[in-house]
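Everything below belongs to start-v9.pdb, which stores PDB, C-alpha atoms.
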```
ATOM      1  CA  MET A 928      58.603 -92.225 -58.480
ATOM      2  CA  SER A 929      59.489 -90.091 -55.469
ATOM      3  CA  VAL A 930      56.682 -89.310 -53.037
ATOM      4  CA  LEU A 931      55.860 -86.257 -50.947
ATOM      5  CA  VAL A 932      55.063 -86.901 -47.290
ATOM      6  CA  TYR A 933      52.280 -84.812 -45.722
ATOM      7  CA  ALA A 934      51.646 -86.303 -42.305
ATOM      8  CA  ILE A 935      52.015 -89.300 -39.987
ATOM      9  CA  CYS A 936      49.062 -90.858 -38.141
ATOM     10  CA  GLU A 937      47.754 -94.170 -36.790
ATOM     11  CA  SER A 938      47.451 -96.978 -39.327
ATOM     12  CA  ASP A 939      43.624 -97.101 -39.344
ATOM     13  CA  ALA A 940      43.441 -93.880 -41.398
ATOM     14  CA  ASP A 941      42.237 -93.763 -44.978
ATOM     15  CA  ALA A 942      43.451 -91.211 -47.491
ATOM     16  CA  PRO A 943      41.246 -88.092 -47.695
ATOM     17  CA  LEU A 944      39.465 -87.567 -50.997
ATOM     18  CA  CYS A 945      40.972 -84.136 -51.631
ATOM     19  CA  ARG A 946      44.081 -83.695 -53.770
ATOM     20  CA  GLY A 947      47.626 -82.981 -52.673
ATOM     21  CA  VAL A 948      50.283 -80.617 -54.006
ATOM     22  CA  GLY A 949      50.013 -80.097 -57.760
ATOM     23  CA  GLY A 950      46.603 -81.827 -57.791
ATOM     24  CA  GLN A 951      48.146 -85.249 -57.094
ATOM     25  CA  PRO A 952      45.859 -87.882 -55.541
ATOM     26  CA  LEU A 953      46.615 -88.720 -51.915
ATOM     27  CA  ARG A 954      47.273 -92.204 -50.632
ATOM     28  CA  ILE A 955      48.224 -93.960 -47.419
ATOM     29  CA  VAL A 956      51.371 -96.000 -46.825
ATOM     30  CA  ARG A 957      51.434 -98.232 -43.723
ATOM     31  CA  ASP A 958      54.105 -99.848 -41.556
ATOM     32  CA  ALA A 959      54.803-100.526 -37.863
ATOM     33  CA  GLY A 960      51.188 -99.735 -36.946
ATOM     34  CA  LEU A 961      51.542 -96.226 -38.363
ATOM     35  CA  ALA A 962      50.484 -94.549 -41.581
ATOM     36  CA  ALA A 963      51.983 -91.829 -43.744
ATOM     37  CA  LEU A 964      49.850 -89.657 -45.992
ATOM     38  CA  VAL A 965      51.707 -89.283 -49.293
ATOM     39  CA  SER A 966      51.256 -88.396 -52.950
ATOM     40  CA  ASP A 967      53.475 -88.662 -55.981
ATOM     41  CA  ALA A 968      55.801 -85.685 -56.077
ATOM     42  CA  PRO A 969      54.508 -83.345 -58.781
ATOM     43  CA  ALA A 970      56.826 -83.424 -61.771
ATOM     44  CA  ASP A 971      56.439 -79.777 -62.616
ATOM     45  CA  VAL A 972      55.609 -77.338 -59.840
ATOM     46  CA  PRO A 973      55.320 -73.754 -61.013
ATOM     47  CA  GLY A 974      56.941 -70.991 -58.964
ATOM     48  CA  GLY A 975      55.020 -68.833 -56.555
ATOM     49  CA  GLY A 976      54.556 -71.085 -53.624
ATOM     50  CA  GLU A 977      51.402 -69.944 -51.870
ATOM     51  CA  GLN A 978      49.147 -72.341 -53.767
ATOM     52  CA  GLU A 979      51.408 -75.318 -53.038
ATOM     53  CA  LEU A 980      51.542 -74.386 -49.356
ATOM     54  CA  TRP A 981      47.754 -74.362 -49.146
ATOM     55  CA  GLU A 982      47.530 -77.652 -51.047
ATOM     56  CA  HIS A 983      49.833 -79.256 -48.480
ATOM     57  CA  GLU A 984      47.875 -77.694 -45.625
ATOM     58  CA  GLN A 985      44.537 -78.787 -47.072
ATOM     59  CA  ALA A 986      45.675 -82.418 -47.277
ATOM     60  CA  VAL A 987      46.908 -82.400 -43.669
ATOM     61  CA  GLU A 988      43.737 -80.706 -42.417
ATOM     62  CA  ALA A 989      41.527 -83.239 -44.217
ATOM     63  CA  LEU A 990      43.355 -86.038 -42.400
ATOM     64  CA  MET A 991      43.231 -84.081 -39.128
ATOM     65  CA  ALA A 992      39.434 -83.900 -39.374
ATOM     66  CA  GLU A 993      39.319 -87.621 -38.488
ATOM     67  CA  HIS A 994      42.646 -88.443 -36.824
ATOM     68  CA  ASP A 995      45.433 -87.172 -34.609
ATOM     69  CA  VAL A 996      48.262 -86.189 -36.956
ATOM     70  CA  LEU A 997      51.914 -85.246 -36.951
ATOM     71  CA  PRO A 998      52.238 -82.907 -39.938
ATOM     72  CA  ALA A 999      55.401 -83.177 -42.029
ATOM     73  CA  ARG A1000      57.494 -80.166 -42.918
ATOM     74  CA  PHE A1001      56.601 -78.818 -46.343
ATOM     75  CA  GLY A1002      58.219 -79.946 -49.551
ATOM     76  CA  THR A1003      60.318 -82.971 -48.628
ATOM     77  CA  SER A1004      60.087 -86.099 -50.741
ATOM     78  CA  VAL A1005      61.473 -89.589 -50.232
ATOM     79  CA  SER A1006      62.497 -91.918 -53.047
ATOM     80  CA  GLY A1007      59.316 -94.015 -53.028
ATOM     81  CA  GLU A1008      56.755 -95.917 -50.956
ATOM     82  CA  GLU A1009      59.414 -98.319 -49.708
ATOM     83  CA  GLU A1010      61.427 -95.481 -48.219
ATOM     84  CA  ALA A1011      58.226 -94.010 -46.711
ATOM     85  CA  ARG A1012      57.551 -97.366 -44.997
ATOM     86  CA  GLY A1013      61.163 -97.421 -43.817
ATOM     87  CA  LEU A1014      60.667 -93.974 -42.308
ATOM     88  CA  LEU A1015      57.636 -95.225 -40.357
ATOM     89  CA  SER A1016      59.406 -98.287 -38.969
ATOM     90  CA  GLU A1017      62.717 -96.550 -38.183
ATOM     91  CA  ARG A1018      61.135 -93.651 -36.319
ATOM     92  CA  ALA A1019      58.073 -95.503 -34.970
ATOM     93  CA  ALA A1020      58.891 -94.834 -31.301
ATOM     94  CA  GLU A1021      59.403 -91.115 -31.922
ATOM     95  CA  PHE A1022      56.160 -90.853 -33.945
ATOM     96  CA  ARG A1023      54.182 -92.683 -31.234
ATOM     97  CA  ARG A1024      55.480 -90.266 -28.607
ATOM     98  CA  GLY A1025      54.538 -87.390 -30.874
ATOM     99  CA  LEU A1026      51.027 -88.697 -31.530
ATOM    100  CA  ALA A1027      50.487 -89.213 -27.791
ATOM    101  CA  ARG A1028      51.688 -85.668 -27.139
ATOM    102  CA  VAL A1029      49.250 -84.040 -29.587
ATOM    103  CA  ALA A1030      46.295 -86.425 -29.091
ATOM    104  CA  GLY A1031      42.957 -84.635 -29.206
ATOM    105  CA  SER A1032      44.653 -81.247 -29.573
ATOM    106  CA  PHE A1033      45.237 -78.588 -32.202
ATOM    107  CA  GLU A1034      47.715 -75.770 -32.587
ATOM    108  CA  LEU A1035      46.617 -72.170 -32.160
ATOM    109  CA  ALA A1036      48.931 -69.399 -33.303
ATOM    110  CA  ILE A1037      49.295 -66.051 -31.590
ATOM    111  CA  ARG A1038      51.058 -63.241 -33.448
ATOM    112  CA  ALA A1039      51.355 -59.816 -31.912
ATOM    113  CA  SER A1040      53.006 -56.759 -33.441
ATOM    114  CA  LEU A1041      53.988 -53.715 -31.415
ATOM    115  CA  ALA A1042      52.114 -50.601 -32.463
ATOM    116  CA  LYS A1043      54.196 -47.848 -34.022
ATOM    117  CA  PRO A1044      55.803 -45.607 -31.377
ATOM    118  CA  SER A1045      53.522 -42.672 -30.596
ATOM    119  CA  GLY A1046      54.704 -39.340 -31.973
ATOM    120  CA  SER A1047      53.640 -37.385 -28.899
ATOM    121  CA  GLY A1048      56.943 -37.430 -26.961
ATOM    122  CA  PRO A1049      59.978 -35.381 -28.002
ATOM    123  CA  ALA A1050      61.859 -37.058 -30.821
ATOM    124  CA  ARG A1051      64.912 -37.076 -28.573
ATOM    125  CA  SER A1052      66.172 -35.246 -25.551
ATOM    126  CA  LEU A1053      68.566 -32.420 -26.345
ATOM    127  CA  ALA A1054      70.846 -33.681 -23.591
ATOM    128  CA  GLU A1055      71.289 -37.018 -25.315
ATOM    129  CA  SER A1056      73.421 -37.848 -28.294
ATOM    130  CA  PRO A1057      71.486 -39.338 -31.227
ATOM    131  CA  GLY A1058      73.177 -42.694 -30.582
ATOM    132  CA  SER A1059      72.205 -42.819 -26.917
ATOM    133  CA  SER A1060      68.656 -41.748 -27.699
ATOM    134  CA  TYR A1061      68.385 -44.502 -30.274
ATOM    135  CA  MET A1062      69.607 -47.066 -27.754
ATOM    136  CA  HIS A1063      67.050 -45.919 -25.199
ATOM    137  CA  ALA A1064      64.246 -46.172 -27.744
ATOM    138  CA  LEU A1065      65.410 -49.632 -28.725
ATOM    139  CA  LYS A1066      65.481 -50.741 -25.080
ATOM    140  CA  ALA A1067      61.945 -49.441 -24.574
ATOM    141  CA  ARG A1068      60.731 -51.452 -27.556
ATOM    142  CA  GLU A1069      62.461 -54.580 -26.262
ATOM    143  CA  ASP A1070      60.806 -54.097 -22.884
ATOM    144  CA  LEU A1071      57.425 -53.796 -24.587
ATOM    145  CA  ALA A1072      58.038 -57.022 -26.525
ATOM    146  CA  LYS A1073      58.927 -58.784 -23.253
ATOM    147  CA  GLU A1074      55.786 -57.433 -21.606
ATOM    148  CA  LEU A1075      53.787 -58.733 -24.580
ATOM    149  CA  ASP A1076      55.349 -62.202 -24.166
ATOM    150  CA  ARG A1077      54.490 -62.132 -20.476
ATOM    151  CA  ARG A1078      50.868 -61.083 -21.049
ATOM    152  CA  ILE A1079      50.362 -63.776 -23.689
ATOM    153  CA  ALA A1080      51.844 -66.494 -21.445
ATOM    154  CA  LEU A1081      49.749 -65.325 -18.490
ATOM    155  CA  ALA A1082      46.473 -65.238 -20.439
ATOM    156  CA  LEU A1083      46.850 -68.273 -22.672
ATOM    157  CA  GLY A1084      49.329 -70.550 -20.922
ATOM    158  CA  PRO A1085      46.690 -71.939 -18.525
ATOM    159  CA  LEU A1086      44.479 -72.904 -21.486
ATOM    160  CA  SER A1087      47.310 -74.700 -23.336
ATOM    161  CA  ARG A1088      48.793 -78.161 -22.882
ATOM    162  CA  ALA A1089      52.082 -76.718 -24.112
ATOM    163  CA  SER A1090      53.262 -73.351 -25.420
ATOM    164  CA  ARG A1091      56.274 -72.193 -27.376
ATOM    165  CA  SER A1092      57.280 -68.590 -27.764
ATOM    166  CA  THR A1093      59.213 -67.552 -30.862
ATOM    167  CA  ARG A1094      60.518 -64.390 -32.492
ATOM    168  CA  PRO A1095      59.730 -64.717 -36.189
ATOM    169  CA  ARG A1096      62.594 -64.150 -38.592
ATOM    170  CA  GLY A1097      62.919 -60.673 -40.014
ATOM    171  CA  ALA A1098      60.257 -59.185 -37.740
ATOM    172  CA  PRO A1099      61.878 -57.973 -34.498
ATOM    173  CA  GLU A1100      58.763 -56.077 -33.431
ATOM    174  CA  THR A1101      56.573 -59.162 -33.602
ATOM    175  CA  VAL A1102      56.016 -61.732 -30.888
ATOM    176  CA  ALA A1103      54.722 -65.089 -32.060
ATOM    177  CA  SER A1104      53.796 -68.157 -30.095
ATOM    178  CA  ALA A1105      52.297 -71.573 -30.703
ATOM    179  CA  HIS A1106      49.875 -73.212 -28.305
ATOM    180  CA  LEU A1107      48.787 -76.833 -28.151
ATOM    181  CA  VAL A1108      45.112 -76.674 -27.202
ATOM    182  CA  GLU A1109      42.678 -79.490 -26.457
ATOM    183  CA  ARG A1110      39.683 -79.683 -28.743
ATOM    184  CA  ARG A1111      37.248 -78.942 -25.913
ATOM    185  CA  ARG A1112      39.116 -75.733 -25.001
ATOM    186  CA  LEU A1113      39.338 -74.228 -28.509
ATOM    187  CA  GLY A1114      36.420 -71.864 -27.999
ATOM    188  CA  GLU A1115      37.633 -70.751 -24.594
ATOM    189  CA  PHE A1116      41.140 -70.168 -25.962
ATOM    190  CA  ARG A1117      39.928 -68.055 -28.867
ATOM    191  CA  ASP A1118      37.652 -66.029 -26.612
ATOM    192  CA  ARG A1119      40.549 -65.352 -24.243
ATOM    193  CA  ALA A1120      42.796 -64.385 -27.174
ATOM    194  CA  ALA A1121      40.172 -61.926 -28.413
ATOM    195  CA  GLN A1122      39.889 -60.496 -24.909
ATOM    196  CA  LEU A1123      43.685 -60.109 -24.750
ATOM    197  CA  ALA A1124      43.625 -58.266 -28.076
ATOM    198  CA  GLU A1125      41.221 -55.787 -26.476
ATOM    199  CA  GLU A1126      43.223 -55.443 -23.258
ATOM    200  CA  VAL A1127      46.626 -54.810 -24.839
ATOM    201  CA  ASP A1128      46.717 -51.311 -26.267
ATOM    202  CA  PHE A1129      50.381 -51.224 -27.324
ATOM    203  CA  ALA A1130      50.153 -54.064 -29.864
ATOM    204  CA  GLU A1131      47.941 -55.788 -32.405
ATOM    205  CA  VAL A1132      47.191 -59.329 -31.283
ATOM    206  CA  PHE A1133      45.992 -61.980 -33.718
ATOM    207  CA  CYS A1134      44.973 -65.579 -33.242
ATOM    208  CA  THR A1135      44.797 -68.069 -36.112
ATOM    209  CA  GLY A1136      43.984 -71.749 -36.255
ATOM    210  CA  PRO A1137      43.207 -74.439 -35.402
ATOM    211  CA  TRP A1138      46.303 -75.664 -37.254
ATOM    212  CA  PRO A1139      47.798 -79.145 -37.343
ATOM    213  CA  PRO A1140      50.386 -79.313 -34.523
ATOM    214  CA  TYR A1141      53.385 -78.225 -36.627
ATOM    215  CA  SER A1142      55.184 -76.668 -33.674
ATOM    216  CA  PHE A1143      54.753 -79.732 -31.454
ATOM    217  CA  SER A1144      55.629 -82.532 -33.880
ATOM    218  CA  GLU A1145      59.201 -83.043 -32.826
ATOM    219  CA  ASP A1146      60.491 -84.244 -29.466
ATOM    220  CA  GLU A1147      62.283 -81.026 -28.576
ATOM    221  CA  GLY A1148      58.909 -79.286 -28.699
ATOM    222  CA  ALA A1149      57.699 -81.444 -25.834
ATOM    223  CA  PRO A1150      56.851 -79.746 -22.576
TER
ATOM    224  CA  MET B 284      42.612 -76.967 -58.084
ATOM    225  CA  THR B 285      41.443 -73.418 -58.607
ATOM    226  CA  SER B 286      42.682 -70.397 -56.742
ATOM    227  CA  THR B 287      39.095 -69.777 -55.623
ATOM    228  CA  ALA B 288      39.108 -73.062 -53.759
ATOM    229  CA  LEU B 289      42.349 -72.116 -52.046
ATOM    230  CA  THR B 290      41.021 -68.744 -51.014
ATOM    231  CA  THR B 291      38.076 -70.516 -49.471
ATOM    232  CA  GLN B 292      40.489 -72.808 -47.695
ATOM    233  CA  ALA B 293      42.452 -69.840 -46.389
ATOM    234  CA  ARG B 294      39.274 -68.352 -44.956
ATOM    235  CA  ALA B 295      38.249 -71.671 -43.461
ATOM    236  CA  THR B 296      41.432 -71.815 -41.416
ATOM    237  CA  ALA B 297      41.179 -68.231 -40.210
ATOM    238  CA  PRO B 298      38.224 -67.909 -37.838
ATOM    239  CA  TYR B 299      39.371 -64.374 -37.293
ATOM    240  CA  GLY B 300      42.475 -62.360 -38.049
ATOM    241  CA  ALA B 301      43.615 -60.848 -41.292
ATOM    242  CA  ARG B 302      44.346 -63.088 -44.241
ATOM    243  CA  GLU B 303      47.956 -61.833 -44.337
ATOM    244  CA  VAL B 304      48.477 -62.941 -40.748
ATOM    245  CA  THR B 305      47.082 -66.365 -41.603
ATOM    246  CA  LEU B 306      49.540 -66.649 -44.475
ATOM    247  CA  LEU B 307      52.477 -65.665 -42.265
ATOM    248  CA  ASP B 308      51.427 -68.232 -39.676
ATOM    249  CA  LEU B 309      51.116 -70.829 -42.452
ATOM    250  CA  LEU B 310      54.627 -70.007 -43.717
ATOM    251  CA  ASP B 311      56.197 -70.219 -40.259
ATOM    252  CA  ARG B 312      54.579 -73.589 -39.653
ATOM    253  CA  LEU B 313      55.078 -75.359 -42.967
ATOM    254  CA  LEU B 314      58.645 -74.176 -43.517
ATOM    255  CA  GLU B 315      59.994 -74.405 -39.970
ATOM    256  CA  GLY B 316      57.670 -76.753 -38.111
ATOM    257  CA  GLY B 317      56.447 -80.263 -38.686
ATOM    258  CA  VAL B 318      58.251 -83.566 -38.713
ATOM    259  CA  ALA B 319      61.566 -83.087 -40.519
ATOM    260  CA  ILE B 320      62.102 -85.923 -42.957
ATOM    261  CA  GLN B 321      65.412 -86.831 -44.458
ATOM    262  CA  GLY B 322      64.889 -86.717 -48.188
ATOM    263  CA  ASP B 323      65.035 -84.421 -51.184
ATOM    264  CA  ILE B 324      63.724 -80.896 -51.141
ATOM    265  CA  THR B 325      61.491 -81.078 -54.187
ATOM    266  CA  LEU B 326      59.424 -77.922 -53.942
ATOM    267  CA  ALA B 327      60.535 -74.401 -54.745
ATOM    268  CA  VAL B 328      61.365 -73.232 -51.245
ATOM    269  CA  ALA B 329      63.584 -70.434 -52.536
ATOM    270  CA  ASP B 330      60.605 -68.861 -54.303
ATOM    271  CA  ILE B 331      58.517 -69.282 -51.179
ATOM    272  CA  ASP B 332      61.158 -67.543 -49.080
ATOM    273  CA  LEU B 333      60.766 -64.515 -51.326
ATOM    274  CA  VAL B 334      57.010 -64.528 -50.842
ATOM    275  CA  ASP B 335      57.705 -64.904 -47.137
ATOM    276  CA  LEU B 336      60.017 -61.926 -47.007
ATOM    277  CA  SER B 337      57.830 -59.581 -49.021
ATOM    278  CA  LEU B 338      54.835 -60.457 -46.875
ATOM    279  CA  ARG B 339      56.681 -59.796 -43.668
ATOM    280  CA  ILE B 340      57.736 -56.419 -44.946
ATOM    281  CA  ALA B 341      54.186 -55.656 -46.043
ATOM    282  CA  VAL B 342      52.817 -56.561 -42.629
ATOM    283  CA  ALA B 343      55.556 -54.735 -40.731
ATOM    284  CA  SER B 344      54.808 -51.554 -42.659
ATOM    285  CA  THR B 345      51.088 -51.471 -41.855
ATOM    286  CA  ASP B 346      50.523 -50.766 -38.220
ATOM    287  CA  THR B 347      46.826 -51.505 -38.244
ATOM    288  CA  LEU B 348      47.053 -54.496 -40.606
ATOM    289  CA  GLY B 349      44.079 -53.264 -42.540
ATOM    290  CA  HIS B 350      41.426 -53.173 -39.896
ATOM    291  CA  GLY B 351      40.769 -50.784 -37.085
ATOM    292  CA  ARG B 352      40.363 -53.121 -34.158
ATOM    293  CA  ARG B 353      43.066 -51.492 -32.068
ATOM    294  CA  ARG B 354      41.833 -49.656 -29.026
ATOM    295  CA  LYS B 355      43.186 -46.208 -28.548
ATOM    296  CA  GLY B 356      45.070 -45.910 -25.256
ATOM    297  CA  GLY B 357      43.955 -44.430 -21.965
ATOM    298  CA  SER B 358      41.968 -47.327 -20.591
ATOM    299  CA  ARG B 359      44.708 -48.384 -18.195
TER
END
```

Just give me the structure as structure tokens.
Amino acid sequence: MSVLVYAICESDADAPLCRGVGGQPLRIVRDAGLAALVSDAPADVPGGGEQELWEHEQAVEALMAEHDVLPARFGTSVSGEEEARGLLSERAAEFRRGLARVAGSFELAIRASLAKPSGSGPARSLAESPGSSYMHALKAREDLAKELDRRIALALGPLSRASRSTRPRGAPETVASAHLVERRRLGEFRDRAAQLAEEVDFAEVFCTGPWPPYSFSEDEGAP
Amino acid sequence: MTSTALTTQARATAPYGAREVTLLDLLDRLLEGGVAIQGDITLAVADIDLVDLSLRIAVASTDTLGHGRRRKGGSR
């Protein structure tokens, strides 16, 4: 029976009482002083996806309520408990580094979308060709996105143990970043994010979380 | 597992910010973040990518994202 992996944590963890993807009971597999939260892979997962995503997230969050966790990417199964134990022992050093990196911290997500260009200016200068005008407009939008990145880093960087800035796929006018924030600074971080949303008048700024540290689980995400 | 329970869960993880934004942040994290494990892809990621895409388009096409928190300019 193949098993889905939800998260890695220290070996003293017990499985949360909630269910995993497809309503499967959760259980803990241990090796090398580490634990993996797993469930049987559901035999028949209907299409759609949102429900399964939340079921995965709910399982990881339940574990995160009591322990530092390294969340697993969604939807990957290994052949069985033996392979899950093998995963823990083979990558034990990497997982320990990861757990040390995220200890006592959560991930906060910032997503900011540029406001639509204002219609007040002339649509384009008569002296410019349509192509040149388009390129100028594009450059202006890119400059705004860079300014947004800068403002976010300036406001929230000092409250984060680590930050990563990303441009989400298929959304060129959106700036997104992930911040690793210590538990004791969560309130301060969210207050500062709300303040930033008020200060920036050329974009909508949103903050969500606390999330499990998805963006800081792998070594390359290390500061 | 009822959809009501999941909606509650969605709210619980979004102290503030629109539900759509929470879902986009969830998608970015679960599909691109986390510990990558060598194994079989057993869940319908192709279907989820479609949800992903349609949501991004929906969000990109609403400049206020359904609530009027944006300050009108002129303060700076």

Long-range neighbours of segment 306-316 of chain B as an MDAnalysis selection string, 6 Å cut-off, all atoms listed in the file, 2 positions minimum in chain = (chainID A and resid 1000:1001 1141:1142) or (chainID B and resid 303:304)

request  = Would you list the contacts of segment 938-949 of chain A as a ChimeraX atom specification, taking every protein, DNA or RNA residue within 6 Å and counting only C-alpha atoms, but skipping same-chain residues closer than 2 positions in sequence?
outcome  = /A:951-955,960-962,969,979,982-983,986,989

message = Can you measure atom CA of Arg1068 of chain A to atom CA of Val1102 of chain A for me? One decimal in Å is fine.
response = 11.8 Å

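Atom CA of Pro1139 of chain A lies 10.6 Å from atom CA of His994 of chain A.
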
key: Hits of the PyMOL selection byres ((chain B and resi 321) around 8) in this structure, as a ChimeraX atom specification   = /A:1003,1005 /B:319-320,322-323

key: For Glu1069 of chain A: contacts at 10 Å, all atoms listed in the file, fewer than 6 positions along chain excluded, given as a PyMOL selection string   = chain A and resi 1041+1063+1075+1099-1100

request  = Mind giving me the straight-line distance from atom CA of Ala999 of chain A to atom CA of Val932 of chain A in Å, one decimal?
outcome  = 6.5 Å

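The set of residues that the PyMOL selection byres ((chain A and resi 1143) around 8) takes from this file is Gly1025, Arg1028, Val1029, Leu1107, Pro1140, Tyr1141, Ser1142, Ser1144, Glu1145, Asp1146, Gly1148 and Ala1149 of chain A; Gly316 and Gly317 of chain B.
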
request  = Can you pull out every residue within 10 Å of Ala1103 of chain A, counting all atoms listed in the file, but drop anything in the same chain fewer than 5 positions away, and send it as JSON, numbers by chain?
outcome  = {"A": [1036, 1037, 1038, 1039, 1040, 1075, 1076, 1079, 1091, 1092, 1093, 1094, 1095, 1098, 1132, 1133, 1134], "B": [308, 311]}

task = Could you check which of A:Ala959, A:Ala968, A:Leu1086, A:Met1062 is closest to Gly1007 of chain A, using only C-alpha atoms?
result = A:Ala968

inquiry  = Ranking A:Glu1115, A:Glu937, A:Glu1109, A:Glu1126 by minimum distance to Glu993 of chain A and counting all atoms listed in the file, which one comes first?
reply    = A:Glu937

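When only C-alpha atoms are used to measure the gap to chain B, the shortest distance among A:Ala1027, A:Leu1083, A:Leu1014, A:Val965 belongs to A:Leu1014.
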
ask   = Any chance you could work out the residue set of the PyMOL selection byres ((chain A and resi 1117) around 10) here, as a PyMOL selection string?
value = (chain A and resi 1035+1037+1083+1086+1112-1116+1118-1123+1133-1137) or (chain B and resi 298-299)
